[in-house]
file my_file-v4.csv (CSV, C-alpha atoms)
chain,number,residue,atom,x,y,z
A,1,MET,CA,-10.2,31.9,-35.6
A,2,LYS,CA,-9.7,35.5,-36.7
A,3,ASN,CA,-11.4,36.4,-39.9
A,4,PRO,CA,-8.9,38.1,-42.2
A,5,PHE,CA,-11.7,40.0,-43.9
A,6,ASP,CA,-13.0,41.5,-40.7
A,7,THR,CA,-12.9,45.3,-40.3
A,8,PRO,CA,-14.4,47.6,-37.7
A,9,GLU,CA,-17.1,48.8,-40.1
A,10,ARG,CA,-18.1,45.2,-41.0
A,11,ARG,CA,-18.0,44.2,-37.3
A,12,ALA,CA,-20.3,47.1,-36.4
A,13,PHE,CA,-22.7,46.3,-39.2
A,14,SER,CA,-22.7,42.6,-38.2
A,15,ASP,CA,-23.4,43.5,-34.5
A,16,ASN,CA,-26.2,45.8,-35.3
A,17,PHE,CA,-27.9,43.6,-37.9
A,18,ASN,CA,-27.6,40.4,-35.9
A,19,ARG,CA,-29.0,42.2,-32.9
A,20,PHE,CA,-31.9,43.4,-35.0
A,21,VAL,CA,-32.7,39.9,-36.2
A,22,MET,CA,-32.4,38.3,-32.7
A,23,ASN,CA,-34.4,41.0,-30.9
A,24,GLU,CA,-36.9,42.2,-33.5
A,25,ILE,CA,-37.5,39.2,-35.8
A,26,ARG,CA,-36.7,35.8,-34.2
A,27,PRO,CA,-39.0,36.1,-31.2
A,28,TYR,CA,-41.9,36.8,-33.6
A,29,ALA,CA,-40.9,34.6,-36.5
A,30,ASP,CA,-43.3,31.8,-35.7
A,31,GLU,CA,-46.2,34.1,-35.2
A,32,TRP,CA,-45.6,36.0,-38.4
A,33,ASP,CA,-45.1,32.8,-40.3
A,34,GLU,CA,-48.5,31.4,-39.2
A,35,ALA,CA,-50.1,34.8,-39.9
A,36,GLY,CA,-48.7,34.8,-43.4
A,37,GLY,CA,-47.0,38.2,-43.3
A,38,ILE,CA,-44.7,40.7,-41.4
A,39,PRO,CA,-45.5,44.1,-40.0
A,40,TRP,CA,-44.8,46.7,-42.6
A,41,ALA,CA,-42.8,48.7,-40.1
A,42,LEU,CA,-40.1,46.0,-40.2
A,43,HIS,CA,-39.1,47.2,-43.7
A,44,GLY,CA,-38.3,50.7,-42.3
A,45,LYS,CA,-36.3,49.2,-39.5
A,46,ALA,CA,-34.2,47.1,-41.9
A,47,ALA,CA,-33.8,50.1,-44.1
A,48,ALA,CA,-32.4,52.2,-41.2
A,49,LEU,CA,-29.7,49.6,-40.8
A,50,GLY,CA,-28.7,49.9,-44.5
A,51,LEU,CA,-30.2,46.6,-45.9
A,52,TYR,CA,-31.4,48.3,-49.1
A,53,GLY,CA,-28.8,50.9,-49.8
A,54,PHE,CA,-25.8,49.0,-51.2
A,55,GLY,CA,-24.5,50.3,-54.5
A,56,ILE,CA,-27.1,53.2,-54.6
A,57,ASP,CA,-26.0,56.9,-54.6
A,58,GLU,CA,-26.7,58.8,-51.4
A,59,ALA,CA,-28.6,61.4,-53.4
A,60,TYR,CA,-31.4,58.8,-53.7
A,61,GLY,CA,-31.3,57.5,-50.2
A,62,GLY,CA,-28.6,54.8,-50.7
A,63,LEU,CA,-25.4,54.1,-48.8
A,64,GLY,CA,-23.1,55.5,-51.5
A,65,PHE,CA,-20.9,52.4,-51.4
A,66,ASP,CA,-21.1,48.7,-51.9
A,67,ASP,CA,-19.5,45.9,-49.9
A,68,CYS,CA,-20.3,42.2,-50.6
A,69,PHE,CA,-19.2,41.2,-47.2
A,70,MET,CA,-21.9,43.3,-45.7
A,71,ARG,CA,-24.4,41.9,-48.1
A,72,ALA,CA,-23.4,38.5,-47.0
A,73,ILE,CA,-23.5,39.4,-43.3
A,74,ALA,CA,-27.1,40.6,-43.7
A,75,GLY,CA,-28.1,37.5,-45.7
A,76,GLU,CA,-26.6,35.1,-43.1
A,77,ALA,CA,-28.2,36.9,-40.2
A,78,LEU,CA,-31.6,36.8,-41.9
A,79,GLY,CA,-31.0,33.1,-42.6
A,80,LYS,CA,-30.7,32.5,-38.9
A,81,CYS,CA,-34.0,34.2,-38.1
A,82,GLY,CA,-35.9,30.9,-38.2
A,83,ALA,CA,-38.3,31.8,-41.0
A,84,THR,CA,-36.6,32.8,-44.3
A,85,GLY,CA,-39.9,33.9,-45.7
A,86,ILE,CA,-39.2,37.0,-43.6
A,87,ALA,CA,-35.9,37.4,-45.5
A,88,ALA,CA,-37.7,37.1,-48.8
A,89,ALA,CA,-40.4,39.7,-47.7
A,90,LEU,CA,-37.7,42.2,-46.6
A,91,GLY,CA,-35.3,41.6,-49.5
A,92,ALA,CA,-37.5,41.4,-52.6
A,93,ARG,CA,-36.9,45.1,-53.4
A,94,ASN,CA,-33.1,44.6,-53.6
A,95,ILE,CA,-33.3,43.0,-57.0
A,96,THR,CA,-35.5,45.9,-58.2
A,97,THR,CA,-33.5,49.0,-57.2
A,98,GLY,CA,-30.5,48.2,-59.4
A,99,PRO,CA,-32.3,48.6,-62.8
A,100,ILE,CA,-34.1,51.7,-61.6
A,101,ALA,CA,-30.8,53.3,-60.3
A,102,GLN,CA,-28.8,52.3,-63.4
A,103,LEU,CA,-31.4,52.9,-66.1
A,104,GLY,CA,-34.2,55.2,-64.8
A,105,SER,CA,-34.5,58.9,-65.6
A,106,GLU,CA,-33.4,61.4,-63.0
A,107,GLU,CA,-37.0,62.3,-62.3
A,108,LEU,CA,-37.9,58.6,-61.7
A,109,LYS,CA,-34.9,57.9,-59.4
A,110,LYS,CA,-35.6,61.0,-57.3
A,111,ARG,CA,-39.3,60.1,-57.0
A,112,VAL,CA,-39.3,56.4,-56.2
A,113,LEU,CA,-35.9,55.3,-54.9
A,114,PRO,CA,-36.1,57.2,-51.6
A,115,GLN,CA,-39.5,55.6,-51.0
A,116,ILE,CA,-38.2,52.1,-51.8
A,117,LEU,CA,-34.9,52.4,-49.9
A,118,SER,CA,-36.5,53.9,-46.8
A,119,GLY,CA,-38.9,50.9,-46.6
A,120,GLU,CA,-41.9,53.1,-47.3
A,121,ALA,CA,-42.8,51.4,-50.6
A,122,GLY,CA,-42.3,47.9,-51.8
A,123,ALA,CA,-40.8,47.0,-55.2
A,124,SER,CA,-40.6,43.7,-57.1
A,125,LEU,CA,-38.9,42.4,-60.2
A,126,GLY,CA,-41.0,40.5,-62.7
A,127,ILE,CA,-39.1,38.1,-64.9
A,128,THR,CA,-40.5,34.5,-64.3
A,129,GLU,CA,-43.6,33.6,-66.4
A,130,PRO,CA,-46.1,30.7,-66.1
A,131,SER,CA,-44.9,29.2,-69.3
A,132,GLY,CA,-41.2,29.5,-69.0
A,133,GLY,CA,-39.8,29.5,-65.4
A,134,SER,CA,-36.1,30.2,-65.7
A,135,ASP,CA,-36.2,30.3,-69.5
A,136,VAL,CA,-35.6,34.1,-69.7
A,137,ALA,CA,-34.7,33.9,-73.4
A,138,ASN,CA,-38.3,32.8,-74.3
A,139,ILE,CA,-40.2,35.5,-72.4
A,140,VAL,CA,-43.6,36.0,-74.0
A,141,THR,CA,-45.0,39.0,-72.1
A,142,SER,CA,-44.9,41.7,-74.8
A,143,ALA,CA,-44.8,45.4,-75.1
A,144,ARG,CA,-45.7,47.3,-78.3
A,145,LYS,CA,-45.5,51.0,-79.1
A,146,ASP,CA,-48.7,52.8,-79.7
A,147,GLY,CA,-48.1,56.5,-80.3
A,148,ASN,CA,-46.4,57.9,-77.3
A,149,GLU,CA,-47.2,54.9,-75.1
A,150,TRP,CA,-46.2,51.3,-74.5
A,151,VAL,CA,-48.9,48.6,-74.3
A,152,LEU,CA,-48.0,45.7,-72.1
A,153,ASN,CA,-49.7,42.3,-72.3
A,154,GLY,CA,-48.8,39.0,-70.5
A,155,SER,CA,-48.3,37.7,-67.0
A,156,LYS,CA,-45.6,37.0,-64.5
A,157,THR,CA,-45.6,34.5,-61.6
A,158,PHE,CA,-43.8,33.5,-58.4
A,159,ILE,CA,-43.1,37.3,-57.9
A,160,THR,CA,-42.0,37.9,-54.3
A,161,GLY,CA,-43.6,40.9,-52.9
A,162,GLY,CA,-46.1,40.9,-55.7
A,163,MET,CA,-49.2,41.5,-53.6
A,164,THR,CA,-47.7,44.3,-51.4
A,165,SER,CA,-45.3,46.1,-53.8
A,166,ARG,CA,-46.2,49.6,-55.1
A,167,TYR,CA,-43.6,49.5,-57.9
A,168,PHE,CA,-42.5,46.9,-60.4
A,169,VAL,CA,-39.7,46.4,-63.0
A,170,ILE,CA,-41.1,44.1,-65.7
A,171,ALA,CA,-39.3,42.3,-68.5
A,172,ALA,CA,-41.2,42.2,-71.8
A,173,ARG,CA,-40.5,41.3,-75.3
A,174,THR,CA,-40.1,44.3,-77.6
A,175,GLY,CA,-37.9,42.7,-80.4
A,176,ASP,CA,-37.0,39.4,-81.9
A,177,SER,CA,-36.8,36.1,-80.2
A,178,GLY,CA,-34.0,35.4,-77.6
A,179,LEU,CA,-32.4,37.5,-75.0
A,180,SER,CA,-31.6,40.4,-77.5
A,181,GLY,CA,-35.3,41.2,-77.8
A,182,VAL,CA,-36.1,41.8,-74.1
A,183,SER,CA,-36.7,45.2,-72.5
A,184,LEU,CA,-37.4,46.5,-69.0
A,185,PHE,CA,-40.4,48.6,-68.0
A,186,PHE,CA,-41.3,50.5,-64.8
A,187,VAL,CA,-44.9,49.8,-63.8
A,188,GLU,CA,-46.9,51.2,-60.9
A,189,ALA,CA,-49.4,49.1,-59.1
A,190,GLU,CA,-52.4,51.4,-59.8
A,191,THR,CA,-51.8,51.4,-63.6
A,192,PRO,CA,-55.0,50.5,-65.5
A,193,GLY,CA,-54.8,47.0,-67.0
A,194,PHE,CA,-52.6,45.7,-64.2
A,195,SER,CA,-53.9,43.1,-61.7
A,196,ARG,CA,-52.5,40.5,-59.4
A,197,THR,CA,-53.5,37.4,-57.5
A,198,ALA,CA,-51.8,35.7,-54.5
A,199,LEU,CA,-50.1,32.4,-54.7
A,200,GLU,CA,-51.4,30.5,-51.7
A,201,ARG,CA,-50.9,27.1,-49.9
A,202,LYS,CA,-47.1,27.3,-50.3
A,203,MET,CA,-44.8,24.7,-48.7
A,204,GLY,CA,-42.7,27.4,-47.1
A,205,TRP,CA,-42.0,31.1,-47.1
A,206,TRP,CA,-45.4,31.6,-45.5
A,207,SER,CA,-44.4,35.1,-44.1
A,208,SER,CA,-43.7,36.5,-47.5
A,209,ASP,CA,-46.2,37.1,-50.3
A,210,GLN,CA,-45.8,35.7,-53.8
A,211,ALA,CA,-48.1,36.6,-56.7
A,212,THR,CA,-49.1,36.2,-60.3
A,213,LEU,CA,-49.2,39.5,-62.1
A,214,TYR,CA,-51.4,40.2,-65.1
A,215,PHE,CA,-51.0,42.9,-67.8
A,216,ASP,CA,-54.1,43.3,-70.0
A,217,GLU,CA,-53.6,46.2,-72.5
A,218,CYS,CA,-51.7,47.9,-69.7
A,219,ARG,CA,-50.7,51.4,-71.0
A,220,LEU,CA,-47.4,52.9,-69.9
A,221,PRO,CA,-45.9,56.3,-70.8
A,222,ALA,CA,-43.0,56.3,-73.2
A,223,ASP,CA,-40.5,57.0,-70.4
A,224,ALA,CA,-41.6,53.7,-68.6
A,225,LEU,CA,-38.9,52.0,-70.7
A,226,LEU,CA,-35.8,51.6,-68.6
A,227,GLY,CA,-32.6,51.9,-70.6
A,228,PRO,CA,-32.2,51.1,-74.3
A,229,GLU,CA,-34.9,49.1,-76.0
A,230,ASN,CA,-34.1,45.3,-76.4
A,231,ARG,CA,-31.2,45.6,-73.9
A,232,GLY,CA,-33.1,44.6,-70.7
A,233,PHE,CA,-31.5,41.3,-70.0
A,234,ALA,CA,-28.0,42.6,-69.7
A,235,ALA,CA,-29.3,45.2,-67.2
A,236,VAL,CA,-30.6,42.7,-64.7
A,237,MET,CA,-27.8,40.2,-64.8
A,238,GLY,CA,-25.8,41.9,-62.1
A,239,ASN,CA,-28.9,41.9,-59.9
A,240,PHE,CA,-29.4,38.2,-60.4
A,241,ASN,CA,-25.9,37.6,-59.2
A,242,TYR,CA,-26.2,39.8,-56.1
A,243,GLU,CA,-29.5,37.9,-55.3
A,244,ARG,CA,-27.7,34.6,-55.6
A,245,LEU,CA,-24.8,35.8,-53.4
A,246,SER,CA,-27.4,36.8,-50.8
A,247,MET,CA,-29.1,33.4,-51.1
A,248,VAL,CA,-25.8,31.6,-50.5
A,249,ALA,CA,-25.4,33.6,-47.3
A,250,GLN,CA,-29.0,32.9,-46.3
A,251,GLY,CA,-28.4,29.2,-46.8
A,252,LEU,CA,-25.3,29.4,-44.7
A,253,GLY,CA,-27.2,31.1,-41.9
A,254,MET,CA,-30.0,28.5,-42.1
A,255,ALA,CA,-27.4,25.7,-41.9
A,256,LYS,CA,-25.7,27.3,-38.9
A,257,LEU,CA,-29.1,27.5,-37.2
A,258,CYS,CA,-29.6,23.8,-37.8
A,259,LEU,CA,-26.2,23.1,-36.4
A,260,SER,CA,-26.6,25.2,-33.3
A,261,GLU,CA,-30.1,23.8,-32.6
A,262,SER,CA,-28.8,20.3,-33.1
A,263,ILE,CA,-25.9,20.8,-30.7
A,264,ALA,CA,-28.1,22.3,-28.0
A,265,TYR,CA,-30.7,19.5,-28.3
A,266,ALA,CA,-28.1,16.7,-28.4
A,267,ASN,CA,-26.5,18.0,-25.2
A,268,GLU,CA,-29.9,18.1,-23.5
A,269,ARG,CA,-31.7,15.0,-24.8
A,270,ARG,CA,-30.8,11.6,-23.2
A,271,THR,CA,-31.3,8.2,-24.7
A,272,PHE,CA,-30.1,4.8,-23.5
A,273,GLY,CA,-28.6,6.3,-20.4
A,274,LYS,CA,-26.5,9.1,-21.9
A,275,ARG,CA,-26.8,12.4,-23.8
A,276,LEU,CA,-27.4,12.2,-27.6
A,277,ILE,CA,-24.1,14.0,-28.2
A,278,GLU,CA,-22.3,11.1,-26.5
A,279,HIS,CA,-23.5,8.6,-29.1
A,280,GLN,CA,-20.9,8.5,-31.8
A,281,VAL,CA,-23.4,8.4,-34.6
A,282,ILE,CA,-24.9,11.7,-33.5
A,283,ALA,CA,-21.5,13.3,-32.9
A,284,HIS,CA,-20.4,12.3,-36.4
A,285,LYS,CA,-23.5,14.0,-37.9
A,286,ILE,CA,-22.6,17.2,-36.1
A,287,ALA,CA,-19.0,17.0,-37.4
A,288,ASP,CA,-20.2,16.4,-40.9
A,289,MET,CA,-22.6,19.4,-40.7
A,290,SER,CA,-19.9,21.7,-39.4
A,291,ALA,CA,-17.4,20.7,-42.0
A,292,ARG,CA,-19.8,21.4,-44.9
A,293,ILE,CA,-20.8,24.7,-43.3
A,294,ASP,CA,-17.1,25.7,-43.0
A,295,SER,CA,-16.4,24.9,-46.6
A,296,VAL,CA,-19.3,27.1,-47.9
A,297,GLU,CA,-18.4,29.9,-45.5
A,298,ALA,CA,-14.8,29.9,-46.8
A,299,TYR,CA,-16.0,29.9,-50.4
A,300,LEU,CA,-18.4,32.8,-49.7
A,301,ASN,CA,-15.6,34.8,-48.1
A,302,GLN,CA,-13.4,34.2,-51.2
A,303,ILE,CA,-16.3,35.3,-53.5
A,304,CYS,CA,-16.9,38.5,-51.5
A,305,TRP,CA,-13.2,39.4,-51.7
A,306,MET,CA,-13.1,38.7,-55.4
A,307,ALA,CA,-16.3,40.8,-56.0
A,308,ASN,CA,-15.0,43.7,-53.9
A,309,ASP,CA,-11.6,43.6,-55.7
A,310,GLY,CA,-13.0,43.4,-59.3
A,311,PRO,CA,-16.0,42.3,-61.4
A,312,LEU,CA,-18.5,39.9,-59.9
A,313,PRO,CA,-17.1,36.4,-60.2
A,314,VAL,CA,-20.1,34.9,-61.9
A,315,PRO,CA,-18.9,31.2,-62.2
A,316,GLU,CA,-18.0,31.2,-58.5
A,317,ILE,CA,-21.3,32.7,-57.5
A,318,CYS,CA,-23.2,30.1,-59.6
A,319,LYS,CA,-21.2,27.2,-58.1
A,320,ALA,CA,-21.6,28.6,-54.6
A,321,LYS,CA,-25.4,28.8,-55.1
A,322,PHE,CA,-25.8,25.1,-55.8
A,323,LEU,CA,-23.1,24.1,-53.3
A,324,SER,CA,-24.8,26.1,-50.6
A,325,THR,CA,-28.3,24.6,-51.2
A,326,LYS,CA,-26.9,21.0,-51.3
A,327,MET,CA,-25.1,21.7,-48.0
A,328,LEU,CA,-28.2,23.2,-46.5
A,329,GLU,CA,-30.3,20.2,-47.6
A,330,PHE,CA,-27.8,17.9,-45.9
A,331,CYS,CA,-27.7,19.9,-42.7
A,332,ALA,CA,-31.5,20.3,-42.5
A,333,SER,CA,-32.0,16.5,-43.0
A,334,GLU,CA,-29.4,15.6,-40.4
A,335,ALA,CA,-30.8,18.1,-37.9
A,336,MET,CA,-34.2,16.5,-38.4
A,337,GLN,CA,-32.7,13.1,-37.7
A,338,ILE,CA,-31.1,14.4,-34.5
A,339,PHE,CA,-34.4,15.9,-33.3
A,340,GLY,CA,-36.5,12.9,-34.3
A,341,GLY,CA,-40.2,13.4,-33.7
A,342,ALA,CA,-39.6,16.7,-32.0
A,343,GLY,CA,-38.3,18.1,-35.3
A,344,TYR,CA,-41.5,17.2,-37.1
A,345,LEU,CA,-43.6,19.6,-35.0
A,346,ARG,CA,-44.6,23.0,-36.3
A,347,GLY,CA,-42.9,25.8,-34.3
A,348,ASN,CA,-39.6,23.9,-34.2
A,349,LEU,CA,-37.0,26.0,-36.0
A,350,VAL,CA,-35.5,22.9,-37.7
A,351,GLU,CA,-38.9,21.9,-39.0
A,352,ARG,CA,-39.3,25.2,-40.8
A,353,VAL,CA,-35.8,25.2,-42.2
A,354,TYR,CA,-36.5,21.7,-43.6
A,355,ARG,CA,-39.6,22.9,-45.4
A,356,GLU,CA,-37.8,25.9,-46.8
A,357,VAL,CA,-34.8,24.1,-48.1
A,358,LYS,CA,-36.4,23.4,-51.5
A,359,VAL,CA,-37.3,27.0,-52.3
A,360,MET,CA,-33.7,28.0,-51.7
A,361,ALA,CA,-32.7,25.4,-54.3
A,362,ILE,CA,-35.1,26.8,-56.9
A,363,GLY,CA,-35.4,30.6,-56.2
A,364,GLY,CA,-32.8,32.9,-57.7
A,365,GLY,CA,-31.9,30.2,-60.3
A,366,SER,CA,-32.4,26.5,-59.8
A,367,GLU,CA,-29.5,24.2,-59.1
A,368,GLU,CA,-29.7,22.9,-62.6
A,369,ILE,CA,-29.6,26.4,-64.1
A,370,MET,CA,-26.7,27.3,-61.9
A,371,LYS,CA,-24.6,24.4,-63.0
A,372,ASP,CA,-25.4,25.1,-66.6
A,373,LEU,CA,-24.4,28.8,-66.2
A,374,ALA,CA,-21.2,27.9,-64.3
A,375,ILE,CA,-20.1,25.6,-67.1
A,376,ARG,CA,-20.7,28.3,-69.7
A,377,GLN,CA,-19.0,30.9,-67.7
A,378,MET,CA,-16.0,28.7,-67.1
A,379,GLY,CA,-15.4,28.5,-70.8
A,380,VAL,CA,-15.2,24.7,-70.9
A,381,VAL,CA,-18.0,24.4,-73.5
A,382,HIS,CA,-17.0,25.4,-77.0
call {"tool": "encode", "arguments": {"input": "my_file-v4.csv", "output": "structure tokens"}}
result
Amino acid sequence: MKNPFDTPERRAFSDNFNRFVMNEIRPYADEWDEAGGIPWALHGKAAALGLYGFGIDEAYGGLGFDDCFMRAIAGEALGKCGATGIAAALGARNITTGPIAQLGSEELKKRVLPQILSGEAGASLGITEPSGGSDVANIVTSARKDGNEWVLNGSKTFITGGMTSRYFVIAARTGDSGLSGVSLFFVEAETPGFSRTALERKMGWWSSDQATLYFDECRLPADALLGPENRGFAAVMGNFNYERLSMVAQGLGMAKLCLSESIAYANERRTFGKRLIEHQVIAHKIADMSARIDSVEAYLNQICWMANDGPLPVPEICKAKFLSTKMLEFCASEAMQIFGGAGYLRGNLVERVYREVKVMAIGGGSEEIMKDLAIRQMGVVH
């Protein structure tokens, strides 16, 4: 069926990015996953294809335009790579560049954005704290003025790219309680008073690094403050929504991988004298998976069209996020049933997707938070 949103530019981007994933990531995904990391050169290769440049001016190394369909194309392709920790490792900087580009000084943008967008340097956003999880309104990491400096104290955790990033955007409390007292700060990894430790023994996302960050009387120059004081939360909201849109697309790619692997296995595997696909109970599983995938894909296309045509459709993005992860959970479970014992072995693409389903339902905003935000944004709670 012809996609009404298809254009020559999007088709070319899709061809190039999917070729990159299939040729330069998927053959090595299991090796990198077991090794716990990806070659740093992969960041530069992804950068050359435009993964990091959406919505960033060309003067700083960006693409000079934005297109949500292309964002979704990249997310879906990375979801099909067979190890979405690789997608996390590559994509962590995308939620950091927005605040720098929007709020940073001209000097800062010219100095650091080209490094980040080219894949040379990593960057991470630090919001989540050990005590609060998704409760951004109650951030306790603090920043106080001391002469011509800011002094940062506190910690952040579950920070993707935290062990390898050179640059960080950190949310800290500078004012009263609640969202209106949160500011953003630019922090470099070599700053005195900054340290980090790796989060290890994770269930999934082995090929990306997550860390806990510590700030102990970490002194920052006055211009480390990004944007107006106490206005930090509003500045990162758009980034959260782009992250969620990408995660919807990644979930779609992961589910499509489960479907294609299941179809191939069911056509090859024989039980009770016939191929698995010829057993009605297996065929129905595949039909159910396909129908749910189609529904999320149609919704994602609608959201991308809405986002390109006007402001980001926040309620729809929130709903798509939890709809996508529930769909992915179903498809991964059904694929495991189709594979049986073979699906339980390390190295099987379906086994890895099954392990990584849960982080997709938590990262970028948990299913519960997404439902709460959707209801608020829909205006049905007074």
call {"tool": "residues_near_point", "arguments": {"input": "my_file-v4.csv", "point": "(-29.8, 30.9, -45.5)", "cutoff": "8 Å", "atoms": "all atoms listed in the file", "output": "MDAnalysis selection string"}}
result
chainID A and resid 75:76 78:80 84 247:255 328 360
call {"tool": "residues_around", "arguments": {"input": "my_file-v4.csv", "residues": "Ala47 (chain A)", "least_positions_apart": "3", "cutoff": "10 Å", "atoms": "all atoms listed in the file", "output": "PyMOL selection string"}}
result
chain A and resi 41-44+50-53+61-62+90+116-120
call {"tool": "closest_residue", "arguments": {"input": "my_file-v4.csv", "among": "A:Arg26, A:Ala137, A:Ala335, A:Ala121", "to": "Val350 (chain A)", "atoms": "all atoms listed in the file"}}
result
A:Ala335
call {"tool": "atom_distance", "arguments": {"input": "my_file-v4.csv", "atom1": "CA of Pro313 (chain A)", "atom2": "CA of Pro228 (chain A)"}}
result
25.4 Å
call {"tool": "closest_residue", "arguments": {"input": "my_file-v4.csv", "among": "A:Leu113, A:Ala143, A:Met370, A:Ile282", "to": "Phe185 (chain A)", "atoms": "all atoms listed in the file"}}
result
A:Ala143
call {"tool": "residues_near_point", "arguments": {"input": "my_file-v4.csv", "point": "(-18.9, 22.7, -44.3)", "cutoff": "12 Å", "atoms": "all atoms listed in the file", "output": "list in words"}}
result
Gly251, Leu252, Ala255, Lys256, Leu259, Lys285, Ile286, Ala287, Asp288, Met289, Ser290, Ala291, Arg292, Ile293, Asp294, Ser295, Val296, Glu297, Ala298, Tyr299, Leu300, Leu323, Ser324, Thr325, Lys326, Met327, Leu328, Phe330 and Cys331 of chain A
call {"tool": "residues_around", "arguments": {"input": "my_file-v4.csv", "residues": "Glu329 (chain A)", "least_positions_apart": "5", "cutoff": "9 Å", "atoms": "only C-alpha atoms", "output": "PyMOL selection string"}}
result
chain A and resi 255+324+334+354+357-358+361
call {"tool": "atom_distance", "arguments": {"input": "my_file-v4.csv", "atom1": "CA of Gly364 (chain A)", "atom2": "CA of Pro130 (chain A)"}}
result
15.9 Å
call {"tool": "closest_atom_pairs", "arguments": {"input": "my_file-v4.csv", "of": "region 182-260 of chain A", "to": "region 149-172 of chain A", "cutoff": "6 Å", "atoms": "all atoms listed in the file", "output": "JSON lines"}}
result
{"residue": "A:Val182", "atom": "CA", "partner": "A:Ala172", "partner_atom": "CA", "distance": 5.6}
{"residue": "A:Ser183", "atom": "CA", "partner": "A:Ala172", "partner_atom": "CA", "distance": 5.5}
{"residue": "A:Leu184", "atom": "CA", "partner": "A:Ala171", "partner_atom": "CA", "distance": 4.6}
{"residue": "A:Phe185", "atom": "CA", "partner": "A:Ile170", "partner_atom": "CA", "distance": 5.1}
{"residue": "A:Phe186", "atom": "CA", "partner": "A:Val169", "partner_atom": "CA", "distance": 4.8}
{"residue": "A:Val187", "atom": "CA", "partner": "A:Phe168", "partner_atom": "CA", "distance": 5.1}
{"residue": "A:Glu188", "atom": "CA", "partner": "A:Tyr167", "partner_atom": "CA", "distance": 4.8}
{"residue": "A:Ala189", "atom": "CA", "partner": "A:Arg166", "partner_atom": "CA", "distance": 5.1}
{"residue": "A:Asp209", "atom": "CA", "partner": "A:Gly161", "partner_atom": "CA", "distance": 5.3}
{"residue": "A:Gln210", "atom": "CA", "partner": "A:Thr160", "partner_atom": "CA", "distance": 4.4}
{"residue": "A:Ala211", "atom": "CA", "partner": "A:Gly162", "partner_atom": "CA", "distance": 4.8}
{"residue": "A:Thr212", "atom": "CA", "partner": "A:Thr157", "partner_atom": "CA", "distance": 4.1}
{"residue": "A:Leu213", "atom": "CA", "partner": "A:Lys156", "partner_atom": "CA", "distance": 5.0}
{"residue": "A:Tyr214", "atom": "CA", "partner": "A:Ser155", "partner_atom": "CA", "distance": 4.4}
{"residue": "A:Phe215", "atom": "CA", "partner": "A:Asn153", "partner_atom": "CA", "distance": 4.7}
{"residue": "A:Asp216", "atom": "CA", "partner": "A:Asn153", "partner_atom": "CA", "distance": 5.1}
{"residue": "A:Glu217", "atom": "CA", "partner": "A:Asn153", "partner_atom": "CA", "distance": 5.5}
{"residue": "A:Cys218", "atom": "CA", "partner": "A:Leu152", "partner_atom": "CA", "distance": 4.9}
{"residue": "A:Arg219", "atom": "CA", "partner": "A:Val151", "partner_atom": "CA", "distance": 4.7}
{"residue": "A:Leu220", "atom": "CA", "partner": "A:Trp150", "partner_atom": "CA", "distance": 5.0}
{"residue": "A:Pro221", "atom": "CA", "partner": "A:Glu149", "partner_atom": "CA", "distance": 4.7}
{"residue": "A:Ala222", "atom": "CA", "partner": "A:Glu149", "partner_atom": "CA", "distance": 4.8}
call {"tool": "write_last_selection", "arguments": {"input": "my_file-v4.csv", "atoms": "C-alpha atoms", "output": "JSON list (two decimals), in the coordinates of the input"}}
result
[["chain", "number", "residue", "atom", "x", "y", "z"],
["A", 182, "VAL", "CA", -36.10, 41.80, -74.10],
["A", 183, "SER", "CA", -36.70, 45.20, -72.50],
["A", 184, "LEU", "CA", -37.40, 46.50, -69.00],
["A", 185, "PHE", "CA", -40.40, 48.60, -68.00],
["A", 186, "PHE", "CA", -41.30, 50.50, -64.80],
["A", 187, "VAL", "CA", -44.90, 49.80, -63.80],
["A", 188, "GLU", "CA", -46.90, 51.20, -60.90],
["A", 189, "ALA", "CA", -49.40, 49.10, -59.10],
["A", 209, "ASP", "CA", -46.20, 37.10, -50.30],
["A", 210, "GLN", "CA", -45.80, 35.70, -53.80],
["A", 211, "ALA", "CA", -48.10, 36.60, -56.70],
["A", 212, "THR", "CA", -49.10, 36.20, -60.30],
["A", 213, "LEU", "CA", -49.20, 39.50, -62.10],
["A", 214, "TYR", "CA", -51.40, 40.20, -65.10],
["A", 215, "PHE", "CA", -51.00, 42.90, -67.80],
["A", 216, "ASP", "CA", -54.10, 43.30, -70.00],
["A", 217, "GLU", "CA", -53.60, 46.20, -72.50],
["A", 218, "CYS", "CA", -51.70, 47.90, -69.70],
["A", 219, "ARG", "CA", -50.70, 51.40, -71.00],
["A", 220, "LEU", "CA", -47.40, 52.90, -69.90],
["A", 221, "PRO", "CA", -45.90, 56.30, -70.80],
["A", 222, "ALA", "CA", -43.00, 56.30, -73.20]]
call {"tool": "atom_distance", "arguments": {"input": "my_file-v4.csv", "atom1": "CA of Pro315 (chain A)", "atom2": "CA of Ala374 (chain A)"}}
result
4.5 Å
call {"tool": "residues_around", "arguments": {"input": "my_file-v4.csv", "residues": "Arg376 (chain A)", "least_positions_apart": "3", "cutoff": "12 Å", "atoms": "only C-alpha atoms", "output": "list in words"}}
result
Val314, Pro315, Glu316, Cys318, Lys319, Ile369, Met370, Lys371, Asp372, Leu373, Gly379, Val380, Val381 and His382 of chain A
call {"tool": "residues_around", "arguments": {"input": "my_file-v4.csv", "residues": "Thr96 (chain A)", "least_positions_apart": "2", "cutoff": "8 Å", "atoms": "only C-alpha atoms", "output": "number ranges by chain"}}
result
A: 92-94, 98-100, 123-125, 168-169, 239
call {"tool": "residues_around", "arguments": {"input": "my_file-v4.csv", "residues": "region 63-72 of chain A", "least_positions_apart": "3", "cutoff": "6 Å", "atoms": "all atoms listed in the file", "output": "number ranges by chain"}}
result
A: 53-58, 75, 246, 249, 304
